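Next comes entry.txt, with compact mmCIF, C-alpha atoms.
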# COMPACT_ATOMS: atom_id res chain seq x y z
CA MET A 1 -29.27 88.99 84.01
CA SER A 2 -32.01 91.45 85.08
CA ALA A 3 -34.15 91.27 88.22
CA ASP A 4 -37.02 90.15 85.98
CA ASN A 5 -35.03 87.14 84.76
CA SER A 6 -33.41 86.10 88.01
CA GLY A 7 -33.80 82.60 89.29
CA GLY A 8 -34.75 83.60 92.82
CA ASN A 9 -38.02 85.24 91.83
CA VAL A 10 -36.93 88.53 93.40
CA SER A 11 -38.85 90.17 90.58
CA VAL A 12 -42.19 89.03 92.06
CA PRO A 13 -42.22 91.43 95.04
CA LEU A 14 -40.81 94.19 92.81
CA ARG A 15 -43.57 93.65 90.23
CA ASN A 16 -46.19 93.74 92.97
CA LEU A 17 -44.61 96.89 94.39
CA LEU A 18 -44.60 98.55 90.96
CA ASN A 19 -48.29 97.81 90.45
CA SER A 20 -49.16 99.11 93.92
CA ILE A 21 -47.27 102.38 93.49
CA GLN A 22 -48.81 102.94 90.06
CA CYS A 23 -52.27 102.59 91.61
CA ILE A 24 -51.36 104.98 94.45
CA ARG A 25 -49.97 107.49 91.95
CA ASP A 26 -53.17 107.40 89.90
CA ARG A 27 -55.35 107.86 92.97
CA VAL A 28 -53.29 110.86 94.12
CA ARG A 29 -53.44 112.39 90.65
CA ASP A 30 -57.22 112.06 90.38
CA GLY A 31 -58.38 112.01 94.00
CA GLU A 32 -59.69 114.65 96.38
CA SER A 33 -58.54 115.58 99.85
CA ASN A 34 -60.46 114.59 102.94
CA GLU A 35 -62.18 117.65 104.36
CA SER A 36 -62.02 117.74 108.14
CA ASP A 37 -64.14 119.66 110.62
CA GLY A 38 -61.21 119.82 113.03
CA ALA A 39 -58.48 122.44 113.18
CA PHE A 40 -55.75 122.08 110.57
CA ASN A 41 -52.15 122.74 111.61
CA LEU A 42 -50.24 123.86 108.51
CA SER A 43 -46.86 123.83 110.24
CA ASN A 44 -47.36 120.24 111.42
CA PHE A 45 -48.47 119.27 107.92
CA TRP A 46 -45.25 120.55 106.33
CA ASP A 47 -43.05 118.94 108.98
CA THR A 48 -44.74 115.56 108.49
CA LEU A 49 -44.76 115.87 104.70
CA ASN A 50 -41.05 116.68 104.55
CA GLN A 51 -40.26 113.69 106.75
CA ALA A 52 -42.34 111.45 104.48
CA VAL A 53 -40.56 112.75 101.36
CA LYS A 54 -37.18 112.17 102.98
CA ALA A 55 -38.17 108.60 103.82
CA VAL A 56 -39.16 107.86 100.21
CA SER A 57 -35.83 109.26 98.97
CA GLN A 58 -33.89 107.08 101.43
CA GLU A 59 -35.87 103.94 100.55
CA ALA A 60 -35.36 104.54 96.82
CA THR A 61 -31.61 104.85 97.44
CA LYS A 62 -31.55 101.57 99.37
CA LEU A 63 -33.40 99.85 96.54
CA SER A 64 -31.02 101.16 93.90
CA LEU A 65 -27.95 100.14 95.91
CA ALA A 66 -29.35 96.66 96.50
CA PHE A 67 -29.57 96.13 92.74
CA SER A 68 -26.37 97.94 91.77
CA LYS A 69 -24.12 94.87 91.59
CA PRO A 70 -24.23 91.07 91.91
CA PRO A 71 -25.38 89.09 93.74
CA LEU A 72 -29.08 89.91 93.51
CA PRO A 73 -31.03 90.17 96.78
CA SER A 74 -32.90 87.02 97.75
CA GLN A 75 -36.64 86.90 97.33
CA GLN A 76 -37.01 87.37 101.10
CA ASP A 77 -34.77 90.45 101.06
CA GLY A 78 -36.65 91.74 98.03
CA GLU A 79 -39.93 91.39 99.94
CA LYS A 80 -38.52 93.33 102.90
CA LEU A 81 -37.27 96.09 100.59
CA SER A 82 -40.63 96.25 98.82
CA GLU A 83 -42.59 96.41 102.08
CA SER A 84 -40.39 99.23 103.35
CA ILE A 85 -40.72 101.26 100.16
CA LEU A 86 -44.47 100.72 99.98
CA LYS A 87 -44.84 101.89 103.57
CA SER A 88 -42.97 105.13 102.81
CA VAL A 89 -45.03 105.74 99.65
CA LEU A 90 -48.33 105.13 101.49
CA THR A 91 -47.25 107.55 104.22
CA LEU A 92 -46.44 110.24 101.65
CA SER A 93 -49.77 109.88 99.87
CA THR A 94 -51.69 109.83 103.17
CA VAL A 95 -50.05 113.04 104.36
CA TYR A 96 -50.89 114.72 101.04
CA TYR A 97 -54.57 113.88 101.61
CA TRP A 98 -54.43 115.78 104.91
CA LEU A 99 -54.22 119.10 103.05
CA PRO A 100 -57.77 120.48 102.77
CA LYS A 101 -59.01 122.69 99.93
CA SER A 102 -59.61 125.44 102.46
CA GLN A 103 -55.84 126.01 102.42
CA GLY A 104 -56.06 126.96 98.76
CA VAL A 105 -56.74 125.00 95.59
CA SER A 106 -53.52 126.24 94.00
CA LEU A 107 -51.48 125.15 97.00
CA ARG A 108 -53.09 121.70 96.89
CA ARG A 109 -52.39 121.48 93.18
CA GLN A 110 -48.70 122.22 93.68
CA VAL A 111 -48.35 119.67 96.49
CA ARG A 112 -50.29 117.08 94.48
CA ASP A 113 -48.13 117.56 91.38
CA ALA A 114 -44.94 117.29 93.45
CA THR A 115 -46.22 114.10 95.13
CA VAL A 116 -47.16 112.54 91.80
CA GLU A 117 -43.71 113.37 90.43
CA VAL A 118 -42.04 111.51 93.31
CA LEU A 119 -44.27 108.47 92.81
CA GLU A 120 -43.63 108.56 89.07
CA GLY A 121 -39.89 108.66 89.76
CA VAL A 122 -40.09 105.57 91.98
CA THR A 123 -42.07 103.66 89.34
CA GLN A 124 -39.47 104.53 86.69
CA LEU A 125 -36.68 103.32 88.96
CA LEU A 126 -38.49 100.02 89.50
CA GLU A 127 -39.05 99.57 85.77
CA VAL A 128 -35.34 100.14 85.09
CA ILE A 129 -34.29 97.65 87.77
CA LEU A 130 -36.71 95.04 86.43
CA SER A 131 -35.53 95.40 82.85
CA SER A 132 -31.82 96.28 83.02
CA PRO A 133 -29.04 93.63 82.89
CA LEU A 134 -27.48 93.24 86.32
CA GLN A 135 -23.77 93.67 85.63
CA SER A 136 -23.00 96.98 87.26
CA LEU A 137 -24.81 100.18 88.13
CA SER A 138 -26.10 101.30 84.72
CA GLN A 139 -26.37 104.90 83.60
CA GLU A 140 -30.11 104.44 83.25
CA GLN A 141 -30.41 103.30 86.84
CA LEU A 142 -28.24 106.19 88.03
CA THR A 143 -30.44 108.61 86.10
CA SER A 144 -33.64 107.10 87.52
CA THR A 145 -32.29 107.23 91.07
CA GLY A 146 -31.30 110.85 90.54
CA GLY A 147 -34.78 111.52 89.21
CA VAL A 148 -36.31 110.38 92.51
CA TRP A 149 -33.89 112.58 94.45
CA SER A 150 -34.66 115.57 92.24
CA ALA A 151 -38.42 115.09 92.63
CA CYS A 152 -38.04 114.86 96.41
CA ASP A 153 -35.85 117.97 96.50
CA GLN A 154 -38.61 119.98 94.83
CA PHE A 155 -40.64 119.89 98.03
CA ALA A 156 -38.11 122.21 99.62
CA GLN A 157 -38.95 124.78 96.91
CA LEU A 158 -42.68 124.77 97.67
CA PRO A 159 -43.92 127.86 99.56
CA GLN A 160 -44.41 126.32 102.97
CA GLY A 161 -46.71 128.99 104.35
CA ARG A 162 -49.81 130.98 103.57
CA THR A 163 -48.08 133.17 100.97
CA MET A 164 -48.44 130.59 98.18
CA MET A 165 -51.04 132.58 96.28
CA MET A 166 -48.85 135.68 96.21
CA LEU A 167 -46.02 133.63 94.76
CA SER A 168 -48.37 132.21 92.14
CA LEU A 169 -49.23 135.70 91.02
CA PHE A 170 -45.55 136.62 90.82
CA LEU A 171 -45.09 133.60 88.57
CA CYS A 172 -47.90 134.80 86.32
CA GLU A 173 -46.19 138.16 85.96
CA VAL A 174 -42.93 136.47 84.97
CA LEU A 175 -44.74 134.40 82.35
CA THR A 176 -46.04 137.53 80.65
CA ASN A 177 -42.52 138.86 80.13
CA THR A 178 -41.58 136.18 77.60
CA PRO A 179 -39.91 137.08 74.27
CA THR A 180 -43.21 136.51 72.46
CA PHE A 181 -44.80 139.11 74.64
CA GLU A 182 -42.24 141.67 73.49
CA HIS A 183 -42.88 141.07 69.78
CA PRO A 184 -45.49 143.79 69.27
CA GLN A 185 -42.99 146.58 69.91
CA ALA A 186 -40.49 145.03 67.52
CA LEU A 187 -43.24 144.55 64.95
CA SER A 188 -44.40 148.13 65.11
CA GLU A 189 -40.89 149.44 64.42
CA ALA A 190 -39.99 147.06 61.56
CA GLU A 191 -41.09 147.15 57.96
CA ASP A 192 -40.09 143.58 57.16
CA PRO A 193 -40.87 141.05 59.91
CA PHE A 194 -39.28 138.18 57.98
CA SER A 195 -36.01 139.89 57.05
CA ASP A 196 -34.07 137.60 59.35
CA VAL A 197 -35.52 134.36 57.95
CA LEU A 198 -36.27 135.10 54.28
CA ASP A 199 -33.48 136.31 51.98
CA ASP A 200 -34.12 138.64 49.09
CA ASP A 201 -32.57 137.73 45.74
CA GLN A 202 -30.48 140.77 44.94
CA ASP A 203 -30.31 139.82 41.26
CA GLU A 204 -34.04 140.25 40.78
CA GLU A 205 -35.73 143.58 40.11
CA ASN A 206 -38.58 142.58 42.40
CA PRO A 207 -36.92 140.88 45.39
CA ARG A 208 -39.22 138.52 47.25
CA GLY A 209 -42.26 139.37 45.20
CA ASN A 210 -44.76 137.88 47.65
CA GLN A 211 -46.18 140.95 49.36
CA ASP A 212 -47.90 138.71 51.93
CA THR A 213 -44.62 138.78 53.83
CA TYR A 214 -44.83 142.57 54.33
CA TRP A 215 -47.19 144.80 56.29
CA SER A 216 -49.51 147.25 54.62
CA GLU A 217 -50.01 150.72 56.04
CA LYS A 218 -53.30 149.54 57.54
CA ASP A 219 -51.54 146.57 59.17
CA ARG A 220 -49.07 148.86 60.90
CA ARG A 221 -51.85 151.12 62.16
CA VAL A 222 -53.69 148.10 63.63
CA ILE A 223 -50.55 146.97 65.47
CA GLY A 224 -50.52 150.16 67.60
CA PRO A 225 -53.70 149.64 69.65
CA CYS A 226 -53.00 145.89 69.89
CA GLN A 227 -49.63 146.71 71.38
CA GLY A 228 -51.36 149.08 73.79
CA LEU A 229 -53.72 146.31 74.86
CA MET A 230 -50.84 143.92 75.55
CA LYS A 231 -49.04 146.59 77.56
CA ALA A 232 -52.25 147.02 79.54
CA ALA A 233 -52.28 143.27 80.21
CA THR A 234 -48.73 143.41 81.54
CA ALA A 235 -49.53 146.46 83.68
CA CYS A 236 -52.64 144.70 84.99
CA LEU A 237 -50.67 141.74 86.30
CA ARG A 238 -47.95 143.93 87.79
CA LYS A 239 -50.54 146.00 89.64
CA LEU A 240 -52.38 142.89 90.75
CA THR A 241 -49.16 141.38 92.07
CA SER A 242 -48.44 144.56 94.04
CA ALA A 243 -51.98 144.60 95.43
CA VAL A 244 -51.80 140.98 96.59
CA LYS A 245 -48.35 141.54 98.07
CA ALA A 246 -49.60 144.58 100.00
CA ASN A 247 -53.08 143.43 101.02
CA GLY A 248 -53.25 139.68 100.45
CA ASP A 249 -54.48 137.79 103.48
CA CYS A 250 -54.92 134.03 103.86
CA SER A 251 -56.44 133.96 107.33
CA THR A 252 -59.92 132.95 106.12
CA ALA A 253 -61.22 130.38 103.62
CA GLN A 254 -63.04 133.16 101.74
CA ASN A 255 -59.83 135.15 101.25
CA VAL A 256 -57.95 132.06 100.10
CA ALA A 257 -60.71 131.31 97.58
CA GLN A 258 -60.50 134.87 96.22
CA LEU A 259 -56.74 134.55 95.75
CA ASP A 260 -57.22 131.17 94.07
CA ASP A 261 -59.59 132.80 91.57
CA LEU A 262 -57.16 135.64 90.88
CA ALA A 263 -54.28 133.21 90.33
CA ASP A 264 -56.32 131.03 87.96
CA ILE A 265 -57.57 133.85 85.73
CA SER A 266 -54.09 135.45 85.69
CA LYS A 267 -52.71 132.34 84.00
CA GLU A 268 -54.90 133.06 80.96
CA ILE A 269 -53.35 136.44 80.21
CA SER A 270 -50.00 135.34 78.80
CA PRO A 271 -51.22 132.71 76.28
CA GLY A 272 -54.03 135.03 75.18
CA ALA A 273 -51.62 137.88 74.51
CA ASP A 274 -49.22 135.50 72.76
CA ASP A 275 -52.03 134.44 70.41
CA LEU A 276 -52.75 138.08 69.67
CA ALA A 277 -49.08 138.79 68.94
CA LEU A 278 -48.80 135.85 66.56
CA CYS A 279 -51.80 136.87 64.46
CA LEU A 280 -50.25 140.29 63.87
CA TYR A 281 -47.69 138.82 61.46
CA PRO A 282 -48.43 139.27 57.77
CA PRO A 283 -50.54 138.36 56.03
CA MET A 284 -52.65 139.84 58.80
CA ASP A 285 -55.96 138.10 59.46
CA TYR A 286 -58.16 140.97 60.65
CA SER A 287 -60.89 138.63 61.86
CA GLY A 288 -58.36 136.69 63.95
CA VAL A 289 -56.89 139.92 65.31
CA GLU A 290 -60.32 141.17 66.37
CA ASN A 291 -61.21 137.87 68.04
CA ASN A 292 -57.93 137.75 69.97
CA VAL A 293 -58.30 141.40 70.96
CA ARG A 294 -61.73 140.59 72.41
CA HIS A 295 -60.41 137.54 74.28
CA THR A 296 -57.46 139.46 75.75
CA LEU A 297 -59.78 142.30 76.74
CA ALA A 298 -62.19 139.86 78.39
CA HIS A 299 -59.41 138.37 80.54
CA ILE A 300 -58.21 141.82 81.61
CA ILE A 301 -61.73 142.92 82.53
CA ILE A 302 -62.34 139.72 84.53
CA ILE A 303 -59.10 140.28 86.47
CA ALA A 304 -60.06 143.91 87.10
CA ASN A 305 -63.53 142.94 88.34
CA LYS A 306 -62.26 140.11 90.55
CA THR A 307 -59.57 142.37 91.98
CA GLN A 308 -62.11 145.09 92.68
CA SER A 309 -64.39 142.68 94.57
CA SER A 310 -61.58 140.98 96.51
CA HIS A 311 -60.05 141.81 99.87
CA ALA A 312 -56.77 142.63 98.07
CA CYS A 313 -58.28 145.80 96.58
CA GLY A 314 -57.68 148.90 98.68
CA GLU A 315 -58.45 152.53 97.86
CA SER A 316 -55.26 152.96 95.83
CA GLU A 317 -56.08 149.86 93.77
CA LEU A 318 -59.54 151.18 92.87
CA THR A 319 -57.93 154.03 90.95
CA TRP A 320 -55.81 151.83 88.68
CA VAL A 321 -58.67 149.37 88.14
CA GLN A 322 -60.88 152.18 86.84
CA PHE A 323 -58.05 153.60 84.73
CA LEU A 324 -57.30 150.16 83.31
CA GLU A 325 -60.90 149.60 82.25
CA GLY A 326 -60.86 152.90 80.38
CA ALA A 327 -57.53 152.14 78.69
CA VAL A 328 -58.54 148.74 77.39
CA ASP A 329 -61.90 150.04 76.14
CA HIS A 330 -60.06 152.78 74.24
CA ASN A 331 -57.64 150.33 72.61
CA LEU A 332 -60.44 147.92 71.73
CA GLN A 333 -62.51 150.59 70.01
CA LYS A 334 -59.46 151.99 68.20
CA ALA A 335 -58.47 148.52 66.94
CA LYS A 336 -62.02 147.80 65.78
CA ASP A 337 -62.28 151.11 63.92
CA LEU A 338 -58.96 150.52 62.13
CA ILE A 339 -59.82 146.92 61.22
CA GLN A 340 -63.20 147.90 59.78
CA GLN A 341 -61.69 150.80 57.86
CA ASP A 342 -61.91 150.29 54.09
CA SER A 343 -63.45 146.84 54.57

Hey, can you dump this file as structure tokens for me?
Amino acid sequence: MSADNSGGNVSVPLRNLLNSIQCIRDRVRDGESNESDGAFNLSNFWDTLNQAVKAVSQEATKLSLAFSKPPLPSQQDGEKLSESILKSVLTLSTVYYWLPKSQGVSLRRQVRDATVEVLEGVTQLLEVILSSPLQSLSQEQLTSTGGVWSACDQFAQLPQGRTMMMLSLFLCEVLTNTPTFEHPQALSEAEDPFSDVLDDDQDEENPRGNQDTYWSEKDRRVIGPCQGLMKAATACLRKLTSAVKANGDCSTAQNVAQLDDLADISKEISPGADDLALCLYPPMDYSGVENNVRHTLAHIIIIANKTQSSHACGESELTWVQFLEGAVDHNLQKAKDLIQQDS
């Protein structure tokens, strides 16, 4: 027998609780924070938020234990459990709304996503309890309970200070060092990019006759400046990360907004460079290569310009920004000339 099919109607308060938490989750996901004219205490915010997260974790554990073995809780006990859980969930969502945008859009986004994940975990646990046969603690219920714990534990990993933007930029740098991002070097040194996935028939005089699986001489020449552009993208993010680490300051709303902008545009570099790497495989689409070269260049230039106009740019950073602009222009023109050659 599941909680949904019990004779004591214990499912009624659980169903109402599920609906309430789903509504709260949706409001947190789509809502905005309440801007306040008063002073905001970041340290107090984190202390209160962590206490609220801990309370939700404890209440979810109580709920799971209450429905881990017969007999089922009475309807009255189910109502008390539901009220206690709803109180903890409302407290968590209320504390999240305390965080103003002036503390950083990226920081708010991280806290919002972590809060939504906790609320989603609680709703999944309720759904399992309402639908699972009540014989013993099921694996599904154990997994759902663990999911709530895991979501709550993620709050401890959030950067609980004003260095969040710097950490975001570090993350962007890590994302650019994916295997896909290393492909251009491998491509430029290989003559057969599909040798590990397509086998030649050694009995034929013309093994794998489809030449679309090989590069032409022109293809290999085009790869060079594209590889240079992707190396410039990687260097750009590394330099930007160093600049923010050295000069980044979150003491004013204007500085925080500048770092938010830098973090957001940095996230576009890796997927843009990945798209460029993918279109270098034969048969090479020169139009696609040129378009992706332009897009990658545009992102690099935007980062350079935003860095140059931000508080994170010191005298030493001005030098590499100017050098970077020259390097990407050179690679763009070289790639364009090679693509248009013989066309």

If we count all atoms listed in the file and set the cut-off at 12 Å, which residues sit around range 85-87 of chain A, ignoring sequence neighbours fewer than 5 positions away in its own chain? Please answer as a PDB file with C-alpha atoms, in the frame of the given file.
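As a result, out_13.pdb now contains:
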ATOM      1  CA  PRO A  13     -42.220  91.430  95.040  1.00  0.00           C
ATOM      2  CA  LEU A  14     -40.810  94.190  92.810  1.00  0.00           C
ATOM      3  CA  ASN A  16     -46.190  93.740  92.970  1.00  0.00           C
ATOM      4  CA  LEU A  17     -44.610  96.890  94.390  1.00  0.00           C
ATOM      5  CA  LEU A  18     -44.600  98.550  90.960  1.00  0.00           C
ATOM      6  CA  ASN A  19     -48.290  97.810  90.450  1.00  0.00           C
ATOM      7  CA  SER A  20     -49.160  99.110  93.920  1.00  0.00           C
ATOM      8  CA  ILE A  21     -47.270 102.380  93.490  1.00  0.00           C
ATOM      9  CA  GLN A  22     -48.810 102.940  90.060  1.00  0.00           C
ATOM     10  CA  CYS A  23     -52.270 102.590  91.610  1.00  0.00           C
ATOM     11  CA  ILE A  24     -51.360 104.980  94.450  1.00  0.00           C
ATOM     12  CA  ARG A  25     -49.970 107.490  91.950  1.00  0.00           C
ATOM     13  CA  ALA A  52     -42.340 111.450 104.480  1.00  0.00           C
ATOM     14  CA  VAL A  53     -40.560 112.750 101.360  1.00  0.00           C
ATOM     15  CA  LYS A  54     -37.180 112.170 102.980  1.00  0.00           C
ATOM     16  CA  ALA A  55     -38.170 108.600 103.820  1.00  0.00           C
ATOM     17  CA  VAL A  56     -39.160 107.860 100.210  1.00  0.00           C
ATOM     18  CA  SER A  57     -35.830 109.260  98.970  1.00  0.00           C
ATOM     19  CA  GLN A  58     -33.890 107.080 101.430  1.00  0.00           C
ATOM     20  CA  GLU A  59     -35.870 103.940 100.550  1.00  0.00           C
ATOM     21  CA  ALA A  60     -35.360 104.540  96.820  1.00  0.00           C
ATOM     22  CA  THR A  61     -31.610 104.850  97.440  1.00  0.00           C
ATOM     23  CA  LYS A  62     -31.550 101.570  99.370  1.00  0.00           C
ATOM     24  CA  LEU A  63     -33.400  99.850  96.540  1.00  0.00           C
ATOM     25  CA  SER A  64     -31.020 101.160  93.900  1.00  0.00           C
ATOM     26  CA  GLY A  78     -36.650  91.740  98.030  1.00  0.00           C
ATOM     27  CA  GLU A  79     -39.930  91.390  99.940  1.00  0.00           C
ATOM     28  CA  LYS A  80     -38.520  93.330 102.900  1.00  0.00           C
ATOM     29  CA  LEU A  92     -46.440 110.240 101.650  1.00  0.00           C
ATOM     30  CA  SER A  93     -49.770 109.880  99.870  1.00  0.00           C
ATOM     31  CA  THR A  94     -51.690 109.830 103.170  1.00  0.00           C
ATOM     32  CA  LEU A 119     -44.270 108.470  92.810  1.00  0.00           C
ATOM     33  CA  VAL A 122     -40.090 105.570  91.980  1.00  0.00           C
ATOM     34  CA  THR A 123     -42.070 103.660  89.340  1.00  0.00           C
ATOM     35  CA  LEU A 126     -38.490 100.020  89.500  1.00  0.00           C
TER      36      LEU A 126
END

- Hey, can you check how far CA of Ser131 in chain A sits from CA of Arg29 in chain A? 25.9 Å

- Extract, using only C-alpha atoms, all DNA, RNA and protein residues at most 12 Å from Asp264 in chain A, discarding same-chain residues fewer than 2 positions from it, and format them as a list of chain:residue names.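 Within the cut-off, the hits are A:Gly104, A:Val105, A:Ser106, A:Leu107, A:Arg109, A:Met165, A:Ser168, A:Leu169, A:Leu171, A:Cys172, A:Ala257, A:Gln258, A:Leu259, A:Asp260, A:Asp261, A:Leu262, A:Ser266, A:Lys267, A:Glu268, A:Ile269, A:Ser270, A:His299, A:Ile302, A:Ile303, A:Lys306.
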
- Task: Measuring atom to atom with all atoms listed in the file, identify which of A:Thr252, A:Thr307, A:Asn292, A:Ser316 is nearest to Gln103 in chain A.
- Result: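 For Gln103 in chain A, the nearest of the candidates is A:Thr252.
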
- Item | Residue neighbourhood Gly272 in chain A, 12 Å, only C-alpha atoms, exclusion window fewer than 3 positions, as a VMD selection string | chain A and resid 175 to 176 180 to 181 229 to 230 233 to 234 265 to 269 275 to 279 289 291 to 300

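Here CA of Gln75 in chain A stands at a distance of 20.4 Å from CA of Gln141 in chain A.
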
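Coordinates place CA of Thr48 in chain A at a distance of 15.1 Å from CA of Asp153 in chain A.
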
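Considering the residues A:Val28, A:Leu237, A:Ala156, A:Leu72 and counting only C-alpha atoms, Glu117 in chain A has its shortest atom-to-atom contact with A:Val28.
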
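Minimum atom-to-atom distance to Ala151 in chain A, evaluated using all atoms listed in the file, belongs to A:Val118 out of A:Lys245, A:Val118, A:Ala253, A:Lys101.
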
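The shortest atom-to-atom distance to Asp77 in chain A, with all atoms listed in the file taken into account, belongs to A:Ser11 out of A:Thr241, A:Asn44, A:Ser11, A:Thr319.
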
- Query: Of the residues A:Ala232, A:Ser251, A:Ser287, A:Ser242, which is the one nearest to Ala327 in chain A, using all atoms listed in the file?
  - Reply: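 Smallest separation from Ala327 in chain A among the options: A:Ala232.
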
- Message: Could you check the closest approach to Lys69 in chain A for each of A:Thr91, A:Ser310, A:Ser132, A:Gln227 and tell me which residue wins, using all atoms listed in the file?
- Response: A:Ser132

Report, as lines of an AutoDock Vina configuration file, the centre and edge lengths in Å (one decimal) of the axis-aligned box enclosing every listed atom of range 43-61 of chain A, padded by 4 Å on each side.
center_x = -40.0
center_y = 113.9
center_z = 104.1
size_x = 24.9
size_y = 27.9
size_z = 22.6
